[in-house]
Amino acid sequence: MAAAQGRLSDGTGGMDDAKEAGEGDRHSHSTAPAAFRAAVEALRASRLRPQIEIEQTKAPQRLAPYAYALEAAVVDGDEDLADGRLVLLHDPSGHDAWRGTFRLVTLVRAELEPEMAADPLLPEVCWSWLTGAFQARGLSYGEPSGTVTRASSHYFGGLSERPAASQIEIRASWTPREGLGGVPDTAAHLASWCDLLAQIAGLPPAGPGDASVVTLPQRRDPQSR
């Protein structure tokens with residue numbers, strides 16, 4: 001799986017790198033608060049569309065007392081069309097910037113056709129995919145923040161035969177509203193995040209209820225696995 005590698009922000013200025021994360025969370029899941037354990041179990045029990053491969057990965061240790069992380073790739077045969085990382089943070093004492101005790105942080109990226117990347121409205125459209133994914137599932141959330149970045153690479157000299165490449169990257173964080181027992185519906189938020197992954201990968205809607213999904217054109221050279 002070509003998991004997204006990069007720095008994740010919790011929306012409050014704290015940063016961590018996936019490569020620098022330790023072998024586990026700062027505290028053992030067995031001694032974590034019941035609300036955090038329930039939120040993690042909901043993530044583990046989620047069933048996703050078959051094109052999305054997902055697995056647990058090392059969680060950042062400096063963003064919150066408790067953290068759990070997943071990485072995912074949208075796969076078509078032997079090609080990765082998009083990848084991403086989702087981190088669940090929990091601070092039982094609460095966090096002023098989050099306005100809650102939980103926070104979700106993500107990094108999502110995909111390759112684009114250069115002409116698509118040149119669209120001046122692309123950043124706004126990509127951000128609307130994130131918020132629209134929440135709205136489509138009726139999710140309540142707060143304090144969203146993030147960035148949409150597009151980058152282009154052009155090759156010269158010995159690499160001049162390579163076609164120009166463009167990439168879109170979404171970094172975001174938001175506070176999922178807490179339900180009974182102070183536990184947010186993390187399974188629904190994971191499903192919405194996977195909807196975003198599918199959109200940026202250019203997959204068709206998953207089912208009859210998803211007609212509002214607007215996808216990117218198929219990328220020319222998806223990343224080989």
# chains A, B, ... in the order shown; residues from 1 in each chain; ligands from 1
$ residues_around --residues "Arg109 in chain A" --least-positions-apart "6" --cutoff "9 Å" --atoms "only C-alpha atoms" --output "MDAnalysis selection string"
chainID A and resid 4 82:84 167:171 197 200:201
$ residues_around --residues "Asp119 in chain A" --least-positions-apart "5" --cutoff "12 Å" --atoms "only C-alpha atoms" --output "list of chain:residue names"
A:Leu112, A:Glu113, A:Pro114, A:Glu124, A:Val125, A:Cys126, A:Arg150, A:Ser166, A:Ile168, A:Leu216
$ residues_around --residues "Arg162 in chain A" --least-positions-apart "5" --cutoff "12 Å" --atoms "only C-alpha atoms" --output "list of chain:residue names"
A:Ser153, A:His154, A:Tyr155, A:Phe156, A:Gly157, A:Asp221
$ closest_residue --among "A:Gly182, A:Pro50, A:Gly138, A:Gly202" --to "Ala34 in chain A" --atoms "only C-alpha atoms"
A:Gly182
$ atom_distance --atom1 "CA of Ala69 in chain A" --atom2 "CA of Ala187 in chain A"
13.4 Å
$ closest_residue --among "A:Ala172, A:Leu203, A:Leu88, A:Val40" --to "Pro60 in chain A" --atoms "only C-alpha atoms"
A:Leu88
$ atom_distance --atom1 "CA of Pro204 in chain A" --atom2 "CA of Pro144 in chain A"
26.3 Å
$ select_by_dssp --residues "range 4-145 of chain A" --states "strand (DSSP E or B)" --output "ChimeraX atom specification"
/A:7-9,15-17,52-57,66-76,79-95,100-112,141-145
$ select_by_dssp --residues "range 49-170 of chain A" --states "alpha helix (DSSP H)" --output "JSON, numbers by chain"
{"A": [114, 115, 116, 117, 122, 123, 124, 125, 126, 127, 128, 129, 130, 131, 132, 133, 134, 135, 136]}
$ residues_around --residues "Thr57 in chain A" --least-positions-apart "3" --cutoff "9 Å" --atoms "only C-alpha atoms" --output "MDAnalysis selection string"
chainID A and resid 18 68:71 85
$ write_last_selection --atoms "all heavy atoms" --output "PDB file, in the first residue's frame"
ATOM      1  N   ALA A  18       4.755  10.919  10.294  1.00  0.00           N
ATOM      2  CA  ALA A  18       4.439   9.495  10.403  1.00  0.00           C
ATOM      3  C   ALA A  18       5.695   8.675  10.625  1.00  0.00           C
ATOM      4  O   ALA A  18       5.693   7.683  11.359  1.00  0.00           O
ATOM      5  CB  ALA A  18       3.716   9.027   9.143  1.00  0.00           C
ATOM      6  N   TYR A  68      -4.930   7.157  17.410  1.00  0.00           N
ATOM      7  CA  TYR A  68      -5.069   5.923  16.626  1.00  0.00           C
ATOM      8  C   TYR A  68      -5.056   6.337  15.164  1.00  0.00           C
ATOM      9  O   TYR A  68      -5.709   7.321  14.790  1.00  0.00           O
ATOM     10  CB  TYR A  68      -6.380   5.226  16.972  1.00  0.00           C
ATOM     11  CG  TYR A  68      -6.617   3.927  16.229  1.00  0.00           C
ATOM     12  CD1 TYR A  68      -6.027   2.742  16.644  1.00  0.00           C
ATOM     13  CD2 TYR A  68      -7.445   3.898  15.109  1.00  0.00           C
ATOM     14  CE1 TYR A  68      -6.241   1.553  15.975  1.00  0.00           C
ATOM     15  CE2 TYR A  68      -7.668   2.708  14.429  1.00  0.00           C
ATOM     16  CZ  TYR A  68      -7.067   1.539  14.862  1.00  0.00           C
ATOM     17  OH  TYR A  68      -7.285   0.369  14.188  1.00  0.00           O
ATOM     18  N   ALA A  69      -4.313   5.604  14.330  1.00  0.00           N
ATOM     19  CA  ALA A  69      -4.142   6.029  12.942  1.00  0.00           C
ATOM     20  C   ALA A  69      -4.413   4.894  11.964  1.00  0.00           C
ATOM     21  O   ALA A  69      -4.135   3.725  12.234  1.00  0.00           O
ATOM     22  CB  ALA A  69      -2.723   6.560  12.728  1.00  0.00           C
ATOM     23  N   LEU A  70      -4.958   5.290  10.815  1.00  0.00           N
ATOM     24  CA  LEU A  70      -5.227   4.378   9.718  1.00  0.00           C
ATOM     25  C   LEU A  70      -4.622   4.949   8.440  1.00  0.00           C
ATOM     26  O   LEU A  70      -4.565   6.172   8.267  1.00  0.00           O
ATOM     27  CB  LEU A  70      -6.732   4.200   9.502  1.00  0.00           C
ATOM     28  CG  LEU A  70      -7.535   3.547  10.633  1.00  0.00           C
ATOM     29  CD1 LEU A  70      -9.024   3.727  10.370  1.00  0.00           C
ATOM     30  CD2 LEU A  70      -7.184   2.078  10.768  1.00  0.00           C
ATOM     31  N   GLU A  71      -4.192   4.081   7.540  1.00  0.00           N
ATOM     32  CA  GLU A  71      -3.783   4.511   6.220  1.00  0.00           C
ATOM     33  C   GLU A  71      -4.606   3.719   5.201  1.00  0.00           C
ATOM     34  O   GLU A  71      -5.002   2.579   5.458  1.00  0.00           O
ATOM     35  CB  GLU A  71      -2.296   4.314   5.996  1.00  0.00           C
ATOM     36  CG  GLU A  71      -1.813   2.886   6.089  1.00  0.00           C
ATOM     37  CD  GLU A  71      -0.306   2.772   5.920  1.00  0.00           C
ATOM     38  OE1 GLU A  71       0.397   3.788   6.091  1.00  0.00           O
ATOM     39  OE2 GLU A  71       0.161   1.664   5.621  1.00  0.00           O
ATOM     40  N   ARG A  85      -4.251   9.184   4.929  1.00  0.00           N
ATOM     41  CA  ARG A  85      -4.000   8.806   6.318  1.00  0.00           C
ATOM     42  C   ARG A  85      -5.013   9.536   7.183  1.00  0.00           C
ATOM     43  O   ARG A  85      -5.267  10.736   6.992  1.00  0.00           O
ATOM     44  CB  ARG A  85      -2.572   9.200   6.720  1.00  0.00           C
ATOM     45  CG  ARG A  85      -2.111   8.635   8.055  1.00  0.00           C
ATOM     46  CD  ARG A  85      -0.586   8.747   8.142  1.00  0.00           C
ATOM     47  NE  ARG A  85      -0.077   8.172   9.376  1.00  0.00           N
ATOM     48  CZ  ARG A  85       0.377   8.900  10.406  1.00  0.00           C
ATOM     49  NH1 ARG A  85       0.397  10.213  10.317  1.00  0.00           N
ATOM     50  NH2 ARG A  85       0.824   8.312  11.487  1.00  0.00           N
TER      51      ARG A  85
END
$ closest_residue --among "A:Glu53, A:Asp195, A:Glu143, A:Asp185" --to "Ala35 in chain A" --atoms "only C-alpha atoms"
A:Asp185
$ decode --residues "range 163-202 of chain A" --atoms "N, CA and C atoms" --output "PDB file, in the first residue's frame"
ATOM      1  N   PRO A 163       6.388  12.316 -18.751  1.00  0.00           N
ATOM      2  CA  PRO A 163       5.364  13.358 -18.903  1.00  0.00           C
ATOM      3  C   PRO A 163       5.257  14.208 -17.636  1.00  0.00           C
ATOM      4  N   ALA A 164       4.823  15.424 -17.791  1.00  0.00           N
ATOM      5  CA  ALA A 164       4.598  16.280 -16.625  1.00  0.00           C
ATOM      6  C   ALA A 164       3.587  15.613 -15.695  1.00  0.00           C
ATOM      7  N   ALA A 165       3.788  15.801 -14.404  1.00  0.00           N
ATOM      8  CA  ALA A 165       2.914  15.180 -13.406  1.00  0.00           C
ATOM      9  C   ALA A 165       2.380  16.245 -12.458  1.00  0.00           C
ATOM     10  N   SER A 166       1.126  16.076 -12.051  1.00  0.00           N
ATOM     11  CA  SER A 166       0.495  17.005 -11.115  1.00  0.00           C
ATOM     12  C   SER A 166      -0.161  16.211  -9.996  1.00  0.00           C
ATOM     13  N   GLN A 167      -0.170  16.794  -8.811  1.00  0.00           N
ATOM     14  CA  GLN A 167      -0.721  16.128  -7.640  1.00  0.00           C
ATOM     15  C   GLN A 167      -1.578  17.097  -6.846  1.00  0.00           C
ATOM     16  N   ILE A 168      -2.667  16.575  -6.301  1.00  0.00           N
ATOM     17  CA  ILE A 168      -3.516  17.348  -5.400  1.00  0.00           C
ATOM     18  C   ILE A 168      -3.396  16.734  -4.014  1.00  0.00           C
ATOM     19  N   GLU A 169      -3.364  17.577  -3.006  1.00  0.00           N
ATOM     20  CA  GLU A 169      -3.206  17.103  -1.635  1.00  0.00           C
ATOM     21  C   GLU A 169      -4.144  17.893  -0.729  1.00  0.00           C
ATOM     22  N   ILE A 170      -4.897  17.175   0.076  1.00  0.00           N
ATOM     23  CA  ILE A 170      -5.825  17.786   1.029  1.00  0.00           C
ATOM     24  C   ILE A 170      -5.356  17.434   2.441  1.00  0.00           C
ATOM     25  N   ARG A 171      -5.121  18.455   3.252  1.00  0.00           N
ATOM     26  CA  ARG A 171      -4.811  18.276   4.670  1.00  0.00           C
ATOM     27  C   ARG A 171      -5.921  18.959   5.450  1.00  0.00           C
ATOM     28  N   ALA A 172      -6.502  18.256   6.394  1.00  0.00           N
ATOM     29  CA  ALA A 172      -7.645  18.833   7.099  1.00  0.00           C
ATOM     30  C   ALA A 172      -7.779  18.232   8.492  1.00  0.00           C
ATOM     31  N   SER A 173      -8.478  18.958   9.345  1.00  0.00           N
ATOM     32  CA  SER A 173      -8.831  18.432  10.662  1.00  0.00           C
ATOM     33  C   SER A 173     -10.188  18.994  11.050  1.00  0.00           C
ATOM     34  N   TRP A 174     -10.908  18.249  11.869  1.00  0.00           N
ATOM     35  CA  TRP A 174     -12.239  18.673  12.310  1.00  0.00           C
ATOM     36  C   TRP A 174     -12.582  17.956  13.610  1.00  0.00           C
ATOM     37  N   THR A 175     -13.564  18.495  14.309  1.00  0.00           N
ATOM     38  CA  THR A 175     -14.004  17.932  15.590  1.00  0.00           C
ATOM     39  C   THR A 175     -15.314  17.193  15.388  1.00  0.00           C
ATOM     40  N   PRO A 176     -15.317  15.873  15.521  1.00  0.00           N
ATOM     41  CA  PRO A 176     -16.575  15.128  15.412  1.00  0.00           C
ATOM     42  C   PRO A 176     -17.419  15.346  16.664  1.00  0.00           C
ATOM     43  N   ARG A 177     -18.683  15.605  16.483  1.00  0.00           N
ATOM     44  CA  ARG A 177     -19.551  15.817  17.639  1.00  0.00           C
ATOM     45  C   ARG A 177     -19.726  14.517  18.418  1.00  0.00           C
ATOM     46  N   GLU A 178     -19.699  14.644  19.734  1.00  0.00           N
ATOM     47  CA  GLU A 178     -19.773  13.472  20.595  1.00  0.00           C
ATOM     48  C   GLU A 178     -21.225  13.079  20.857  1.00  0.00           C
ATOM     49  N   GLY A 179     -21.463  11.767  20.892  1.00  0.00           N
ATOM     50  CA  GLY A 179     -22.798  11.245  21.140  1.00  0.00           C
ATOM     51  C   GLY A 179     -22.912  10.678  22.543  1.00  0.00           C
ATOM     52  N   LEU A 180     -23.650   9.575  22.668  1.00  0.00           N
ATOM     53  CA  LEU A 180     -23.851   8.949  23.965  1.00  0.00           C
ATOM     54  C   LEU A 180     -22.523   8.504  24.561  1.00  0.00           C
ATOM     55  N   GLY A 181     -22.346   8.778  25.837  1.00  0.00           N
ATOM     56  CA  GLY A 181     -21.116   8.392  26.507  1.00  0.00           C
ATOM     57  C   GLY A 181     -19.913   9.190  26.065  1.00  0.00           C
ATOM     58  N   GLY A 182     -20.156  10.302  25.364  1.00  0.00           N
ATOM     59  CA  GLY A 182     -19.055  11.122  24.886  1.00  0.00           C
ATOM     60  C   GLY A 182     -18.300  10.516  23.729  1.00  0.00           C
ATOM     61  N   VAL A 183     -18.929   9.582  23.001  1.00  0.00           N
ATOM     62  CA  VAL A 183     -18.271   8.878  21.894  1.00  0.00           C
ATOM     63  C   VAL A 183     -18.789   9.409  20.556  1.00  0.00           C
ATOM     64  N   PRO A 184     -17.913   9.906  19.699  1.00  0.00           N
ATOM     65  CA  PRO A 184     -18.353  10.344  18.365  1.00  0.00           C
ATOM     66  C   PRO A 184     -18.608   9.142  17.463  1.00  0.00           C
ATOM     67  N   ASP A 185     -19.362   9.365  16.405  1.00  0.00           N
ATOM     68  CA  ASP A 185     -19.661   8.298  15.446  1.00  0.00           C
ATOM     69  C   ASP A 185     -18.482   8.177  14.482  1.00  0.00           C
ATOM     70  N   THR A 186     -17.418   7.571  14.957  1.00  0.00           N
ATOM     71  CA  THR A 186     -16.196   7.494  14.154  1.00  0.00           C
ATOM     72  C   THR A 186     -16.376   6.621  12.910  1.00  0.00           C
ATOM     73  N   ALA A 187     -17.238   5.628  12.983  1.00  0.00           N
ATOM     74  CA  ALA A 187     -17.475   4.780  11.808  1.00  0.00           C
ATOM     75  C   ALA A 187     -18.056   5.590  10.665  1.00  0.00           C
ATOM     76  N   ALA A 188     -18.994   6.482  10.977  1.00  0.00           N
ATOM     77  CA  ALA A 188     -19.596   7.319   9.941  1.00  0.00           C
ATOM     78  C   ALA A 188     -18.590   8.323   9.399  1.00  0.00           C
ATOM     79  N   HIS A 189     -17.739   8.855  10.271  1.00  0.00           N
ATOM     80  CA  HIS A 189     -16.719   9.793   9.802  1.00  0.00           C
ATOM     81  C   HIS A 189     -15.700   9.069   8.924  1.00  0.00           C
ATOM     82  N   LEU A 190     -15.369   7.832   9.260  1.00  0.00           N
ATOM     83  CA  LEU A 190     -14.467   7.050   8.415  1.00  0.00           C
ATOM     84  C   LEU A 190     -15.109   6.805   7.049  1.00  0.00           C
ATOM     85  N   ALA A 191     -16.393   6.486   7.032  1.00  0.00           N
ATOM     86  CA  ALA A 191     -17.088   6.262   5.768  1.00  0.00           C
ATOM     87  C   ALA A 191     -17.076   7.525   4.912  1.00  0.00           C
ATOM     88  N   SER A 192     -17.283   8.679   5.538  1.00  0.00           N
ATOM     89  CA  SER A 192     -17.249   9.939   4.797  1.00  0.00           C
ATOM     90  C   SER A 192     -15.854  10.212   4.252  1.00  0.00           C
ATOM     91  N   TRP A 193     -14.847   9.911   5.062  1.00  0.00           N
ATOM     92  CA  TRP A 193     -13.461  10.090   4.607  1.00  0.00           C
ATOM     93  C   TRP A 193     -13.175   9.191   3.413  1.00  0.00           C
ATOM     94  N   CYS A 194     -13.676   7.972   3.450  1.00  0.00           N
ATOM     95  CA  CYS A 194     -13.485   7.065   2.313  1.00  0.00           C
ATOM     96  C   CYS A 194     -14.254   7.553   1.085  1.00  0.00           C
ATOM     97  N   ASP A 195     -15.391   8.206   1.295  1.00  0.00           N
ATOM     98  CA  ASP A 195     -16.102   8.832   0.171  1.00  0.00           C
ATOM     99  C   ASP A 195     -15.210   9.880  -0.492  1.00  0.00           C
ATOM    100  N   LEU A 196     -14.514  10.665   0.334  1.00  0.00           N
ATOM    101  CA  LEU A 196     -13.592  11.665  -0.198  1.00  0.00           C
ATOM    102  C   LEU A 196     -12.466  10.996  -0.979  1.00  0.00           C
ATOM    103  N   LEU A 197     -11.894   9.942  -0.426  1.00  0.00           N
ATOM    104  CA  LEU A 197     -10.838   9.214  -1.121  1.00  0.00           C
ATOM    105  C   LEU A 197     -11.321   8.716  -2.484  1.00  0.00           C
ATOM    106  N   ALA A 198     -12.524   8.172  -2.510  1.00  0.00           N
ATOM    107  CA  ALA A 198     -13.068   7.651  -3.763  1.00  0.00           C
ATOM    108  C   ALA A 198     -13.276   8.771  -4.773  1.00  0.00           C
ATOM    109  N   GLN A 199     -13.746   9.915  -4.308  1.00  0.00           N
ATOM    110  CA  GLN A 199     -13.954  11.041  -5.209  1.00  0.00           C
ATOM    111  C   GLN A 199     -12.654  11.524  -5.828  1.00  0.00           C
ATOM    112  N   ILE A 200     -11.652  11.712  -4.984  1.00  0.00           N
ATOM    113  CA  ILE A 200     -10.391  12.242  -5.500  1.00  0.00           C
ATOM    114  C   ILE A 200      -9.688  11.212  -6.384  1.00  0.00           C
ATOM    115  N   ALA A 201     -10.024   9.918  -6.207  1.00  0.00           N
ATOM    116  CA  ALA A 201      -9.452   8.873  -7.048  1.00  0.00           C
ATOM    117  C   ALA A 201     -10.165   8.750  -8.381  1.00  0.00           C
ATOM    118  N   GLY A 202     -11.346   9.375  -8.508  1.00  0.00           N
ATOM    119  CA  GLY A 202     -12.086   9.296  -9.749  1.00  0.00           C
ATOM    120  C   GLY A 202     -12.999   8.100  -9.851  1.00  0.00           C
TER     121      GLY A 202
END
